[in-house]
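Novice: Take this structure first; my questions come after.
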Amino acid sequence: MTVDFLAPAYLWVKSFHLMAVMAWMAGLFYLPRLYVYHSEIPAGGGPEHERFKIMERRLLRGIMNPSMIATWLLGLMLVATPGIVSWTSGWWHVKLTCVLAMTWFHMYLAKHRKAFERDERLFPQRHWRTMNEVPTLLMIVIVIMVIVKPF
């Protein structure tokens, strides 16, 4: 299904979509890194612990959530633009799967922010160092699918 009135706005929608993606990705790279450092502090670790709670909450609520929503809305507008997606191509299925995985990862990080807020350490810092690589891998696949369109 396409919406004809979106065609003239395509470049504007695409530009704002890319800006939203960049902001979202920045948060997806940074929040697990904050969790690495936060994990080093003992639960109830005073002012430094409280500062990490504030930073994590502001990053998630002020940057990541709005940019994820904008990414999704603008992305849906792009696929609804006539002639943008060939529905018979397979690349967009892979891209969509990776975007869904990235959204799941976002929610996973949000869930664990609440655990840090409650002074719970569900995973050691090594886990968060590994999780820090997830958005990079998803981004690589997404960019290749969108630019190269291998299938």
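Ordered as shown in the structure tokens, chains take letters A, B, and onward, while each chain numbers its residues from 1 and ligands are numbered from 1 in the order shown.
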Could you list, with a cut-off of 7 Å and counting only C-alpha atoms, the residues of range 65-149 of chain A near range 30-36 of chain A, each shown with its nearest atom pair and the distance in Å rounded to one decimal, rows sorted by chain and ascending number, as a Markdown table?

Specialist:
| residue | atom | partner | partner_atom | distance |
| --- | --- | --- | --- | --- |
| A:Gln125 | CA | A:Val36 | CA | 4.7 |
| A:Trp128 | CA | A:Val36 | CA | 5.5 |
| A:Arg129 | CA | A:Val36 | CA | 6.3 |
| A:Met131 | CA | A:Pro32 | CA | 6.6 |
| A:Asn132 | CA | A:Pro32 | CA | 5.3 |

Novice: Might you pull out every residue within 12 Å of Pro8 in chain A, with only C-alpha atoms counted and same-chain residues fewer than 5 positions away left off, and present them as a list of chain:residue names?

Specialist: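 With the cut-off at 12 Å, the set is A:Val3, A:Val13, A:Lys14, A:Leu78, A:Thr81, A:Pro82.
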
Novice: Can you spit out the residues from that selection as a PDB file, in the first residue's frame, using C-alpha atoms?

Specialist:
ATOM      1  CA  VAL A   3       0.284   6.904  -0.298  1.00  0.00           C
ATOM      2  CA  VAL A  13      11.039  12.337   5.250  1.00  0.00           C
ATOM      3  CA  LYS A  14      14.231  10.447   4.417  1.00  0.00           C
ATOM      4  CA  LEU A  78       9.095   5.963   3.618  1.00  0.00           C
ATOM      5  CA  THR A  81       5.911   6.287  -0.469  1.00  0.00           C
ATOM      6  CA  PRO A  82       5.225   5.022  -4.010  1.00  0.00           C
TER       7      PRO A  82
END

Novice: Mind pulling up the distance from CA of Met19 in chain A to CA of Trp92 in chain A?

Specialist: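 Separating CA of Trp92 in chain A from CA of Met19 in chain A is a distance of 20.0 Å.
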
Novice: I want to know what sits within 8 Å of Ala43 in chain A, based on only C-alpha atoms, with residues of the same chain fewer than 5 positions away left out; could you give that as a list in words?

Specialist: His49, Asp119, Glu120 and Arg121 of chain A

Novice: Given the selection you just returned, output its residues as a file containing all heavy atoms, formatted as a CSV table (one decimal), in the first residue's frame.

Specialist:
chain,number,residue,atom,x,y,z
A,49,HIS,N,26.4,6.6,42.1
A,49,HIS,CA,25.4,5.7,41.7
A,49,HIS,C,24.1,6.4,41.3
A,49,HIS,O,23.5,6.1,40.2
A,49,HIS,CB,25.1,4.8,42.9
A,49,HIS,CG,23.9,3.8,42.7
A,49,HIS,ND1,23.9,2.8,41.7
A,49,HIS,CD2,22.8,3.7,43.3
A,49,HIS,CE1,22.8,2.2,41.8
A,49,HIS,NE2,22.1,2.7,42.8
A,119,ASP,N,18.4,-0.7,42.3
A,119,ASP,CA,19.7,-1.1,42.8
A,119,ASP,C,20.0,-2.6,42.6
A,119,ASP,O,20.7,-3.3,43.4
A,119,ASP,CB,19.9,-0.8,44.3
A,119,ASP,CG,19.9,0.7,44.5
A,119,ASP,OD1,20.3,1.4,43.6
A,119,ASP,OD2,19.4,1.1,45.6
A,120,GLU,N,19.4,-3.2,41.5
A,120,GLU,CA,19.6,-4.6,41.2
A,120,GLU,C,20.7,-4.7,40.1
A,120,GLU,O,20.7,-3.9,39.2
A,120,GLU,CB,18.3,-5.2,40.7
A,120,GLU,CG,17.2,-5.3,41.7
A,120,GLU,CD,15.9,-5.8,41.1
A,120,GLU,OE1,15.9,-6.2,40.0
A,120,GLU,OE2,14.9,-5.7,41.9
A,121,ARG,N,21.6,-5.7,40.3
A,121,ARG,CA,22.6,-5.9,39.3
A,121,ARG,C,22.3,-7.3,38.8
A,121,ARG,O,22.8,-8.3,39.3
A,121,ARG,CB,24.0,-5.9,39.9
A,121,ARG,CG,24.4,-4.6,40.5
A,121,ARG,CD,24.5,-3.5,39.5
A,121,ARG,NE,25.1,-2.3,40.0
A,121,ARG,CZ,24.4,-1.3,40.6
A,121,ARG,NH1,23.1,-1.5,40.8
A,121,ARG,NH2,25.0,-0.3,41.1

Novice: May I have the residues within 9 Å of Phe105 in chain A as a CSV table (one decimal) with C-alpha atoms, in the first residue's frame, using only C-alpha atoms and disregarding those fewer than 5 positions away in the same chain?

Specialist:
chain,number,residue,atom,x,y,z
A,28,LEU,CA,21.8,2.3,21.8
A,100,LEU,CA,12.5,-5.3,15.1
A,110,ALA,CA,14.8,-0.1,29.2
A,134,VAL,CA,24.6,-5.8,19.4
A,135,PRO,CA,23.5,-2.4,17.8

Novice: Got a sec: who's within 12 Å of Arg118 in chain A, counting only C-alpha atoms, leaving out chain neighbours fewer than 5 positions off, as a list in words?

Specialist: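 Counting only the stated atoms, we get Ala43, Gly44, His49, Glu50, Lys53, Lys111, His112 and Arg113 of chain A.
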
Novice: Considering only C-alpha atoms, state which residue in the set A:Glu48, A:Cys98, A:His38, A:Met77 is at the smallest distance from Met139 in chain A.

Specialist: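 Of the candidates, the smallest distance to Met139 in chain A is held by A:Cys98.
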
Novice: What gap, in Å, lies between CA of Val85 in chain A and CA of Leu6 in chain A?

Specialist: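 These two atoms are separated by 13.4 Å.
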
Novice: Extract, using only C-alpha atoms, all DNA, RNA and protein residues at most 9 Å from Arg57 in chain A, discarding same-chain residues fewer than 3 positions from it, and format them as a JSON list (two decimals) with all heavy atoms, in the first residue's frame.

Specialist:
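Generated output (selection_26.json):
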[["chain", "number", "residue", "atom", "x", "y", "z"],
["A", 52, "PHE", "N", 24.50, 8.04, 37.80],
["A", 52, "PHE", "CA", 24.27, 7.09, 36.70],
["A", 52, "PHE", "C", 22.78, 6.84, 36.48],
["A", 52, "PHE", "O", 22.33, 6.76, 35.34],
["A", 52, "PHE", "CB", 24.98, 5.76, 36.96],
["A", 52, "PHE", "CG", 26.41, 5.77, 36.48],
["A", 52, "PHE", "CD1", 27.45, 5.90, 37.38],
["A", 52, "PHE", "CD2", 26.71, 5.66, 35.14],
["A", 52, "PHE", "CE1", 28.76, 5.92, 36.95],
["A", 52, "PHE", "CE2", 28.01, 5.68, 34.69],
["A", 52, "PHE", "CZ", 29.05, 5.81, 35.61],
["A", 53, "LYS", "N", 22.02, 6.73, 37.55],
["A", 53, "LYS", "CA", 20.57, 6.55, 37.41],
["A", 53, "LYS", "C", 19.94, 7.71, 36.62],
["A", 53, "LYS", "O", 19.11, 7.50, 35.74],
["A", 53, "LYS", "CB", 19.90, 6.47, 38.79],
["A", 53, "LYS", "CG", 20.13, 5.19, 39.53],
["A", 53, "LYS", "CD", 19.38, 5.27, 40.87],
["A", 53, "LYS", "CE", 19.55, 4.07, 41.72],
["A", 53, "LYS", "NZ", 18.80, 4.18, 42.98],
["A", 54, "ILE", "N", 20.35, 8.92, 36.95],
["A", 54, "ILE", "CA", 19.82, 10.11, 36.27],
["A", 54, "ILE", "C", 20.23, 10.10, 34.80],
["A", 54, "ILE", "O", 19.41, 10.35, 33.91],
["A", 54, "ILE", "CB", 20.29, 11.40, 36.98],
["A", 54, "ILE", "CG1", 19.63, 11.51, 38.36],
["A", 54, "ILE", "CG2", 19.99, 12.63, 36.13],
["A", 54, "ILE", "CD1", 20.25, 12.57, 39.26],
["A", 60, "LEU", "N", 17.43, 7.50, 28.07],
["A", 60, "LEU", "CA", 16.36, 6.65, 27.56],
["A", 60, "LEU", "C", 15.11, 7.46, 27.25],
["A", 60, "LEU", "O", 14.55, 7.38, 26.15],
["A", 60, "LEU", "CB", 16.04, 5.54, 28.55],
["A", 60, "LEU", "CG", 15.10, 4.48, 28.03],
["A", 60, "LEU", "CD1", 15.74, 3.65, 26.94],
["A", 60, "LEU", "CD2", 14.63, 3.59, 29.15],
["A", 61, "ARG", "N", 14.66, 8.26, 28.21],
["A", 61, "ARG", "CA", 13.39, 8.99, 28.03],
["A", 61, "ARG", "C", 13.52, 10.22, 27.14],
["A", 61, "ARG", "O", 12.59, 10.56, 26.41],
["A", 61, "ARG", "CB", 12.85, 9.40, 29.39],
["A", 61, "ARG", "CG", 12.36, 8.23, 30.20],
["A", 61, "ARG", "CD", 11.76, 8.70, 31.49],
["A", 61, "ARG", "NE", 11.31, 7.59, 32.32],
["A", 61, "ARG", "CZ", 10.90, 7.72, 33.55],
["A", 61, "ARG", "NH1", 10.85, 8.92, 34.12],
["A", 61, "ARG", "NH2", 10.52, 6.67, 34.24],
["A", 62, "GLY", "N", 14.65, 10.90, 27.20],
["A", 62, "GLY", "CA", 14.79, 12.16, 26.49],
["A", 62, "GLY", "C", 15.33, 12.04, 25.07],
["A", 62, "GLY", "O", 15.05, 12.90, 24.23],
["A", 110, "ALA", "N", 15.75, -0.84, 28.34],
["A", 110, "ALA", "CA", 14.81, -0.10, 29.20],
["A", 110, "ALA", "C", 14.44, -0.93, 30.43],
["A", 110, "ALA", "O", 14.35, -0.39, 31.54],
["A", 110, "ALA", "CB", 13.56, 0.27, 28.40],
["A", 113, "ARG", "N", 17.27, -0.78, 32.81],
["A", 113, "ARG", "CA", 17.42, 0.53, 33.46],
["A", 113, "ARG", "C", 16.59, 0.55, 34.73],
["A", 113, "ARG", "O", 17.02, 1.05, 35.77],
["A", 113, "ARG", "CB", 17.00, 1.67, 32.53],
["A", 113, "ARG", "CG", 17.33, 3.04, 33.15],
["A", 113, "ARG", "CD", 16.51, 4.15, 32.56],
["A", 113, "ARG", "NE", 15.09, 4.03, 32.83],
["A", 113, "ARG", "CZ", 14.50, 4.38, 33.98],
["A", 113, "ARG", "NH1", 15.19, 4.84, 34.99],
["A", 113, "ARG", "NH2", 13.20, 4.26, 34.12],
["A", 114, "LYS", "N", 15.40, -0.05, 34.66],
["A", 114, "LYS", "CA", 14.55, -0.11, 35.85],
["A", 114, "LYS", "C", 15.18, -0.96, 36.94],
["A", 114, "LYS", "O", 15.06, -0.66, 38.12],
["A", 114, "LYS", "CB", 13.16, -0.62, 35.48],
["A", 114, "LYS", "CG", 12.38, 0.37, 34.65],
["A", 114, "LYS", "CD", 11.03, -0.15, 34.27],
["A", 114, "LYS", "CE", 10.29, 0.83, 33.38],
["A", 114, "LYS", "NZ", 9.02, 0.32, 32.91],
["A", 117, "GLU", "N", 17.73, 1.08, 38.55],
["A", 117, "GLU", "CA", 17.01, 2.06, 39.38],
["A", 117, "GLU", "C", 16.66, 1.47, 40.75],
["A", 117, "GLU", "O", 16.68, 2.16, 41.76],
["A", 117, "GLU", "CB", 15.74, 2.52, 38.65],
["A", 117, "GLU", "CG", 15.02, 3.66, 39.28],
["A", 117, "GLU", "CD", 15.65, 5.01, 39.01],
["A", 117, "GLU", "OE1", 16.27, 5.20, 37.96],
["A", 117, "GLU", "OE2", 15.51, 5.89, 39.88]]

Novice: From the options A:Ile84, A:Met25, A:Met107, A:Ile69, which residue's atoms come nearest to Leu137 in chain A, counting only C-alpha atoms?

Specialist: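 Of the candidates, the smallest distance to Leu137 in chain A is held by A:Met25.
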
Novice: Select, from A:Leu109, A:Leu96, A:Ala20, A:Leu122, the residue with the minimum atom-to-atom distance to Leu73 in chain A, counting only C-alpha atoms.

Specialist: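 Among the listed residues, A:Ala20 lies closest to Leu73 in chain A.
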
Novice: Would you mind telling me which residue in A:Phe5, A:Thr88, A:Ser39, A:Met68 lies nearest to Leu18 in chain A when using only C-alpha atoms?

Specialist: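 Checking each of A:Phe5, A:Thr88, A:Ser39, A:Met68 against Leu18 in chain A, counting only C-alpha atoms, the winner is A:Met68.
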
Novice: How many Å lie between CA of Leu138 in chain A and CA of Trp91 in chain A, rounded to one decimal?

Specialist: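 Those two atoms sit 13.7 Å apart.
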
Novice: Using only C-alpha atoms, which residue out of A:Gly75, A:Gly27, A:Gly46, A:Pro150 lies closest to Ser89 in chain A?

Specialist: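 Counting only C-alpha atoms, the residue closest to Ser89 in chain A is A:Pro150.
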